[in-house]
Amino acid sequence: LPVPWRVMASPVRLLQRLPAVLSVGDVATASRVLAEADVRAFSDLTGDHNPLHFDTGFAAKSRFGSPIVHGMLYATLFNAIIADAMPGAVHLTQTFDFRLPVYPGDEVLARLRVSEVHPAQRRVVFDEAIINSCGETVLVGSAALMAPRRYLRPLGGVEQPSAHPR
């Protein structure tokens, strides 16, 4: 039987929360140690039983050298930040570029930065990154969400995209 999500071995720690009303440049962060038990629970939940995540012999022959964490498992840290900051928000688009592997036992830090706010469309765009404990960026991405109006400035205070480089 699949393992329920609630039995994940390591909790998400919200370190920096988004403010009640979003503005370009706002940042939120969360961290998590990704335990082998988390990988197993995620595998059971999703049905992704790729031996690259569990089979030491198989993974040893890969470019990674040992089992790795599912990329989508650590990408869920972004969902934890959003659910905490904006209950009722809905993802419209999401893109990821997985740059480096994450291994069981690694601690990762997820960072969201508001890059665009469009109150009339109830749309917020985030730049996303996951950083490992060595300071290496293992994932970059972006997401667009439809946000409940209470998290956006009134329509008279429309913000433009940030001029800051990603």
# chains A, B, ... in the order shown; residues from 1 in each chain; ligands from 1

call {"tool": "select_by_dssp", "arguments": {"residues": "segment 107-161 of chain A", "states": "strand (DSSP E or B)", "output": "ChimeraX atom specification"}}
result
/A:107-118,123-132,137-146

call {"tool": "closest_atom_pairs", "arguments": {"of": "segment 21-106 of chain A", "to": "segment 115-133 of chain A", "cutoff": "8 Å", "atoms": "only C-alpha atoms", "output": "JSON lines"}}
result
{"residue": "A:Leu22", "atom": "CA", "partner": "A:Val117", "partner_atom": "CA", "distance": 7.5}
{"residue": "A:Ser23", "atom": "CA", "partner": "A:Val117", "partner_atom": "CA", "distance": 6.7}
{"residue": "A:Val24", "atom": "CA", "partner": "A:Ser115", "partner_atom": "CA", "distance": 5.2}
{"residue": "A:Gly25", "atom": "CA", "partner": "A:Ser115", "partner_atom": "CA", "distance": 6.2}
{"residue": "A:Tyr74", "atom": "CA", "partner": "A:Ile130", "partner_atom": "CA", "distance": 8.0}
{"residue": "A:Ala75", "atom": "CA", "partner": "A:Ile130", "partner_atom": "CA", "distance": 7.8}
{"residue": "A:Phe78", "atom": "CA", "partner": "A:Glu128", "partner_atom": "CA", "distance": 7.8}
{"residue": "A:Val102", "atom": "CA", "partner": "A:Asn132", "partner_atom": "CA", "distance": 7.6}
{"residue": "A:Asp106", "atom": "CA", "partner": "A:Asn132", "partner_atom": "CA", "distance": 7.1}

call {"tool": "closest_residue", "arguments": {"among": "A:Leu112, A:Ile81, A:Leu73, A:Ala143", "to": "Gln94 of chain A", "atoms": "only C-alpha atoms"}}
result
A:Ala143

call {"tool": "residues_around", "arguments": {"residues": "Ser43 of chain A", "least_positions_apart": "2", "cutoff": "10 Å", "atoms": "only C-alpha atoms", "output": "PDB file with all heavy atoms, in the first residue's frame"}}
result
ATOM      1  N   PRO A   2       0.428   2.294  -0.727  1.00  0.00           N
ATOM      2  CA  PRO A   2       1.197   3.543  -0.720  1.00  0.00           C
ATOM      3  C   PRO A   2       1.291   4.127   0.688  1.00  0.00           C
ATOM      4  O   PRO A   2       0.387   3.989   1.495  1.00  0.00           O
ATOM      5  CB  PRO A   2       0.386   4.460  -1.631  1.00  0.00           C
ATOM      6  CG  PRO A   2      -0.435   3.549  -2.475  1.00  0.00           C
ATOM      7  CD  PRO A   2      -0.709   2.336  -1.622  1.00  0.00           C
ATOM      8  N   VAL A   3       2.405   4.775   0.951  1.00  0.00           N
ATOM      9  CA  VAL A   3       2.618   5.427   2.239  1.00  0.00           C
ATOM     10  C   VAL A   3       1.969   6.808   2.185  1.00  0.00           C
ATOM     11  O   VAL A   3       2.217   7.568   1.257  1.00  0.00           O
ATOM     12  CB  VAL A   3       4.135   5.568   2.531  1.00  0.00           C
ATOM     13  CG1 VAL A   3       4.367   6.334   3.814  1.00  0.00           C
ATOM     14  CG2 VAL A   3       4.780   4.203   2.578  1.00  0.00           C
ATOM     15  N   ALA A  37      13.740   7.868   3.807  1.00  0.00           N
ATOM     16  CA  ALA A  37      12.330   7.549   4.051  1.00  0.00           C
ATOM     17  C   ALA A  37      11.406   8.483   3.271  1.00  0.00           C
ATOM     18  O   ALA A  37      10.338   8.064   2.815  1.00  0.00           O
ATOM     19  CB  ALA A  37      12.022   7.619   5.544  1.00  0.00           C
ATOM     20  N   ASP A  38      11.811   9.746   3.091  1.00  0.00           N
ATOM     21  CA  ASP A  38      11.023  10.680   2.286  1.00  0.00           C
ATOM     22  C   ASP A  38      10.987  10.222   0.827  1.00  0.00           C
ATOM     23  O   ASP A  38       9.952  10.283   0.164  1.00  0.00           O
ATOM     24  CB  ASP A  38      11.609  12.092   2.358  1.00  0.00           C
ATOM     25  CG  ASP A  38      11.554  12.702   3.739  1.00  0.00           C
ATOM     26  OD1 ASP A  38      10.605  12.402   4.490  1.00  0.00           O
ATOM     27  OD2 ASP A  38      12.464  13.491   4.061  1.00  0.00           O
ATOM     28  N   VAL A  39      12.145   9.773   0.329  1.00  0.00           N
ATOM     29  CA  VAL A  39      12.235   9.297  -1.053  1.00  0.00           C
ATOM     30  C   VAL A  39      11.313   8.099  -1.245  1.00  0.00           C
ATOM     31  O   VAL A  39      10.578   8.011  -2.228  1.00  0.00           O
ATOM     32  CB  VAL A  39      13.695   8.962  -1.426  1.00  0.00           C
ATOM     33  CG1 VAL A  39      13.774   8.348  -2.821  1.00  0.00           C
ATOM     34  CG2 VAL A  39      14.568  10.216  -1.340  1.00  0.00           C
ATOM     35  N   ARG A  40      11.313   7.179  -0.293  1.00  0.00           N
ATOM     36  CA  ARG A  40      10.448   5.990  -0.387  1.00  0.00           C
ATOM     37  C   ARG A  40       8.968   6.377  -0.339  1.00  0.00           C
ATOM     38  O   ARG A  40       8.154   5.866  -1.105  1.00  0.00           O
ATOM     39  CB  ARG A  40      10.781   4.998   0.706  1.00  0.00           C
ATOM     40  CG  ARG A  40      12.149   4.365   0.500  1.00  0.00           C
ATOM     41  CD  ARG A  40      12.273   3.009   1.169  1.00  0.00           C
ATOM     42  NE  ARG A  40      13.574   2.442   0.878  1.00  0.00           N
ATOM     43  CZ  ARG A  40      13.902   1.846  -0.266  1.00  0.00           C
ATOM     44  NH1 ARG A  40      13.014   1.730  -1.216  1.00  0.00           N
ATOM     45  NH2 ARG A  40      15.112   1.361  -0.446  1.00  0.00           N
ATOM     46  N   ALA A  41       8.620   7.280   0.567  1.00  0.00           N
ATOM     47  CA  ALA A  41       7.225   7.718   0.676  1.00  0.00           C
ATOM     48  C   ALA A  41       6.776   8.420  -0.607  1.00  0.00           C
ATOM     49  O   ALA A  41       5.665   8.187  -1.096  1.00  0.00           O
ATOM     50  CB  ALA A  41       7.050   8.636   1.885  1.00  0.00           C
ATOM     51  N   LEU A  45       3.845   7.292  -3.144  1.00  0.00           N
ATOM     52  CA  LEU A  45       2.758   8.216  -3.441  1.00  0.00           C
ATOM     53  C   LEU A  45       2.593   8.407  -4.946  1.00  0.00           C
ATOM     54  O   LEU A  45       1.478   8.427  -5.453  1.00  0.00           O
ATOM     55  CB  LEU A  45       3.018   9.559  -2.758  1.00  0.00           C
ATOM     56  CG  LEU A  45       1.977  10.644  -3.000  1.00  0.00           C
ATOM     57  CD1 LEU A  45       0.674  10.281  -2.296  1.00  0.00           C
ATOM     58  CD2 LEU A  45       2.491  11.977  -2.503  1.00  0.00           C
ATOM     59  N   THR A  46       3.709   8.538  -5.660  1.00  0.00           N
ATOM     60  CA  THR A  46       3.658   8.865  -7.085  1.00  0.00           C
ATOM     61  C   THR A  46       3.715   7.650  -7.997  1.00  0.00           C
ATOM     62  O   THR A  46       3.367   7.755  -9.172  1.00  0.00           O
ATOM     63  CB  THR A  46       4.834   9.785  -7.467  1.00  0.00           C
ATOM     64  OG1 THR A  46       6.062   9.086  -7.246  1.00  0.00           O
ATOM     65  CG2 THR A  46       4.793  11.081  -6.667  1.00  0.00           C
ATOM     66  N   GLY A  47       4.194   6.512  -7.488  1.00  0.00           N
ATOM     67  CA  GLY A  47       4.382   5.345  -8.339  1.00  0.00           C
ATOM     68  C   GLY A  47       5.689   5.379  -9.114  1.00  0.00           C
ATOM     69  O   GLY A  47       5.940   4.528  -9.967  1.00  0.00           O
ATOM     70  N   ASP A  48       6.554   6.352  -8.831  1.00  0.00           N
ATOM     71  CA  ASP A  48       7.859   6.459  -9.504  1.00  0.00           C
ATOM     72  C   ASP A  48       8.865   5.606  -8.748  1.00  0.00           C
ATOM     73  O   ASP A  48       9.433   6.035  -7.754  1.00  0.00           O
ATOM     74  CB  ASP A  48       8.309   7.918  -9.537  1.00  0.00           C
ATOM     75  CG  ASP A  48       9.661   8.111 -10.224  1.00  0.00           C
ATOM     76  OD1 ASP A  48      10.356   7.112 -10.506  1.00  0.00           O
ATOM     77  OD2 ASP A  48      10.027   9.278 -10.461  1.00  0.00           O
ATOM     78  N   HIS A  49       9.065   4.389  -9.233  1.00  0.00           N
ATOM     79  CA  HIS A  49       9.986   3.444  -8.593  1.00  0.00           C
ATOM     80  C   HIS A  49      11.247   3.249  -9.426  1.00  0.00           C
ATOM     81  O   HIS A  49      11.809   2.152  -9.475  1.00  0.00           O
ATOM     82  CB  HIS A  49       9.272   2.107  -8.346  1.00  0.00           C
ATOM     83  CG  HIS A  49       8.090   2.238  -7.446  1.00  0.00           C
ATOM     84  ND1 HIS A  49       8.203   2.413  -6.087  1.00  0.00           N
ATOM     85  CD2 HIS A  49       6.762   2.259  -7.717  1.00  0.00           C
ATOM     86  CE1 HIS A  49       7.000   2.521  -5.555  1.00  0.00           C
ATOM     87  NE2 HIS A  49       6.110   2.438  -6.519  1.00  0.00           N
ATOM     88  N   ASN A  50      11.697   4.308 -10.058  1.00  0.00           N
ATOM     89  CA  ASN A  50      12.916   4.269 -10.863  1.00  0.00           C
ATOM     90  C   ASN A  50      14.066   3.774  -9.995  1.00  0.00           C
ATOM     91  O   ASN A  50      14.305   4.322  -8.907  1.00  0.00           O
ATOM     92  CB  ASN A  50      13.202   5.683 -11.385  1.00  0.00           C
ATOM     93  CG  ASN A  50      14.389   5.766 -12.315  1.00  0.00           C
ATOM     94  OD1 ASN A  50      15.304   4.967 -12.256  1.00  0.00           O
ATOM     95  ND2 ASN A  50      14.367   6.765 -13.180  1.00  0.00           N
ATOM     96  N   HIS A  53      16.667   5.821  -7.862  1.00  0.00           N
ATOM     97  CA  HIS A  53      16.390   6.382  -6.541  1.00  0.00           C
ATOM     98  C   HIS A  53      16.622   5.399  -5.402  1.00  0.00           C
ATOM     99  O   HIS A  53      16.684   5.813  -4.246  1.00  0.00           O
ATOM    100  CB  HIS A  53      14.952   6.900  -6.484  1.00  0.00           C
ATOM    101  CG  HIS A  53      14.650   7.907  -7.538  1.00  0.00           C
ATOM    102  ND1 HIS A  53      15.284   9.126  -7.625  1.00  0.00           N
ATOM    103  CD2 HIS A  53      13.791   7.866  -8.588  1.00  0.00           C
ATOM    104  CE1 HIS A  53      14.834   9.793  -8.663  1.00  0.00           C
ATOM    105  NE2 HIS A  53      13.921   9.049  -9.271  1.00  0.00           N
ATOM    106  N   PHE A  54      16.746   4.084  -5.709  1.00  0.00           N
ATOM    107  CA  PHE A  54      16.790   3.070  -4.643  1.00  0.00           C
ATOM    108  C   PHE A  54      17.879   2.024  -4.774  1.00  0.00           C
ATOM    109  O   PHE A  54      18.363   1.528  -3.777  1.00  0.00           O
ATOM    110  CB  PHE A  54      15.451   2.307  -4.581  1.00  0.00           C
ATOM    111  CG  PHE A  54      14.282   3.208  -4.470  1.00  0.00           C
ATOM    112  CD1 PHE A  54      13.474   3.463  -5.552  1.00  0.00           C
ATOM    113  CD2 PHE A  54      14.001   3.826  -3.263  1.00  0.00           C
ATOM    114  CE1 PHE A  54      12.399   4.314  -5.449  1.00  0.00           C
ATOM    115  CE2 PHE A  54      12.919   4.685  -3.153  1.00  0.00           C
ATOM    116  CZ  PHE A  54      12.118   4.932  -4.251  1.00  0.00           C
ATOM    117  N   VAL A  69      17.637  11.738  -5.006  1.00  0.00           N
ATOM    118  CA  VAL A  69      16.280  12.128  -4.621  1.00  0.00           C
ATOM    119  C   VAL A  69      15.510  12.507  -5.889  1.00  0.00           C
ATOM    120  O   VAL A  69      16.067  13.115  -6.805  1.00  0.00           O
ATOM    121  CB  VAL A  69      16.325  13.321  -3.640  1.00  0.00           C
ATOM    122  CG1 VAL A  69      14.934  13.845  -3.339  1.00  0.00           C
ATOM    123  CG2 VAL A  69      17.062  12.939  -2.369  1.00  0.00           C
ATOM    124  N   HIS A  70      14.237  12.154  -5.937  1.00  0.00           N
ATOM    125  CA  HIS A  70      13.371  12.593  -7.040  1.00  0.00           C
ATOM    126  C   HIS A  70      13.402  14.121  -7.104  1.00  0.00           C
ATOM    127  O   HIS A  70      13.173  14.790  -6.084  1.00  0.00           O
ATOM    128  CB  HIS A  70      11.916  12.191  -6.807  1.00  0.00           C
ATOM    129  CG  HIS A  70      11.657  10.736  -6.673  1.00  0.00           C
ATOM    130  ND1 HIS A  70      11.896  10.026  -5.514  1.00  0.00           N
ATOM    131  CD2 HIS A  70      11.146   9.853  -7.562  1.00  0.00           C
ATOM    132  CE1 HIS A  70      11.538   8.777  -5.689  1.00  0.00           C
ATOM    133  NE2 HIS A  70      11.080   8.640  -6.927  1.00  0.00           N
ATOM    134  N   LEU A  73      10.355  15.774  -5.781  1.00  0.00           N
ATOM    135  CA  LEU A  73      10.199  15.776  -4.319  1.00  0.00           C
ATOM    136  C   LEU A  73      10.711  17.084  -3.742  1.00  0.00           C
ATOM    137  O   LEU A  73      10.011  17.760  -2.981  1.00  0.00           O
ATOM    138  CB  LEU A  73      10.915  14.584  -3.682  1.00  0.00           C
ATOM    139  CG  LEU A  73      11.001  14.580  -2.149  1.00  0.00           C
ATOM    140  CD1 LEU A  73       9.632  14.731  -1.507  1.00  0.00           C
ATOM    141  CD2 LEU A  73      11.689  13.320  -1.661  1.00  0.00           C
TER     142      LEU A  73
END

call {"tool": "select_by_dssp", "arguments": {"residues": "chain A", "states": "helix (DSSP H, G or I)", "output": "MDAnalysis selection string"}}
result
chainID A and resid 5:7 36:46 51:53 56:60 71:85 119:121 149:151 155:157

call {"tool": "atom_distance", "arguments": {"atom1": "atom CA of Asp55 of chain A", "atom2": "atom CA of Phe98 of chain A"}}
result
21.0 Å

call {"tool": "closest_residue", "arguments": {"among": "A:Ala30, A:Met86, A:Leu15, A:Val21", "to": "Pro148 of chain A", "atoms": "only C-alpha atoms"}}
result
A:Met86

call {"tool": "closest_residue", "arguments": {"among": "A:Ala35, A:Leu109, A:Leu152, A:Met146", "to": "Pro19 of chain A", "atoms": "only C-alpha atoms"}}
result
A:Leu152

call {"tool": "closest_residue", "arguments": {"among": "A:Ala28, A:Arg111, A:Val90, A:Leu14", "to": "Thr137 of chain A", "atoms": "only C-alpha atoms"}}
result
A:Arg111

call {"tool": "closest_residue", "arguments": {"among": "A:Thr56, A:Gln16, A:Ser62, A:Thr76", "to": "Thr29 of chain A", "atoms": "only C-alpha atoms"}}
result
A:Gln16

call {"tool": "closest_residue", "arguments": {"among": "A:Pro11, A:Gly65, A:Gly135, A:Gly105", "to": "Leu77 of chain A", "atoms": "only C-alpha atoms"}}
result
A:Pro11

call {"tool": "atom_distance", "arguments": {"atom1": "atom CA of Ala60 of chain A", "atom2": "atom CA of Asp44 of chain A"}}
result
22.4 Å

call {"tool": "residues_around", "arguments": {"residues": "Pro87 of chain A", "least_positions_apart": "2", "cutoff": "10 Å", "atoms": "only C-alpha atoms", "output": "number ranges by chain"}}
result
A: 82-85, 89-90, 147-148, 151

call {"tool": "write_last_selection", "arguments": {"atoms": "N, CA, C and O atoms", "output": "mmCIF file, in the first residue's frame"}}
result
data_model
loop_
_atom_site.group_PDB
_atom_site.id
_atom_site.type_symbol
_atom_site.label_atom_id
_atom_site.label_comp_id
_atom_site.auth_asym_id
_atom_site.auth_seq_id
_atom_site.Cartn_x
_atom_site.Cartn_y
_atom_site.Cartn_z
ATOM 1 N N ILE A 82 4.089 28.455 -0.969
ATOM 2 C CA ILE A 82 2.885 29.073 -1.543
ATOM 3 C C ILE A 82 1.659 28.767 -0.688
ATOM 4 O O ILE A 82 0.850 29.652 -0.401
ATOM 5 N N ALA A 83 1.504 27.513 -0.275
ATOM 6 C CA ALA A 83 0.336 27.134 0.529
ATOM 7 C C ALA A 83 0.310 27.891 1.852
ATOM 8 O O ALA A 83 -0.759 28.260 2.340
ATOM 9 N N ASP A 84 1.485 28.131 2.424
ATOM 10 C CA ASP A 84 1.573 28.881 3.670
ATOM 11 C C ASP A 84 1.219 30.352 3.449
ATOM 12 O O ASP A 84 0.506 30.949 4.241
ATOM 13 N N ALA A 85 1.723 30.927 2.361
ATOM 14 C CA ALA A 85 1.578 32.366 2.133
ATOM 15 C C ALA A 85 0.258 32.750 1.485
ATOM 16 O O ALA A 85 -0.273 33.826 1.762
ATOM 17 N N ALA A 89 -4.299 29.898 -3.732
ATOM 18 C CA ALA A 89 -3.595 30.185 -4.984
ATOM 19 C C ALA A 89 -3.558 28.926 -5.841
ATOM 20 O O ALA A 89 -3.523 27.806 -5.338
ATOM 21 N N VAL A 90 -3.547 29.124 -7.164
ATOM 22 C CA VAL A 90 -3.545 28.021 -8.113
ATOM 23 C C VAL A 90 -2.398 28.206 -9.102
ATOM 24 O O VAL A 90 -2.233 29.293 -9.669
ATOM 25 N N ALA A 147 -3.591 34.245 -7.914
ATOM 26 C CA ALA A 147 -3.632 34.478 -6.468
ATOM 27 C C ALA A 147 -4.968 35.076 -6.048
ATOM 28 O O ALA A 147 -5.544 35.888 -6.776
ATOM 29 N N PRO A 148 -5.453 34.710 -4.886
ATOM 30 C CA PRO A 148 -6.629 35.401 -4.352
ATOM 31 C C PRO A 148 -6.333 36.900 -4.237
ATOM 32 O O PRO A 148 -5.217 37.302 -3.895
ATOM 33 N N TYR A 151 -4.137 39.064 -1.600
ATOM 34 C CA TYR A 151 -2.674 39.060 -1.533
ATOM 35 C C TYR A 151 -2.044 40.045 -2.520
ATOM 36 O O TYR A 151 -0.828 40.145 -2.598
#

call {"tool": "atom_distance", "arguments": {"atom1": "atom CA of Val140 of chain A", "atom2": "atom CA of Val114 of chain A"}}
result
14.0 Å
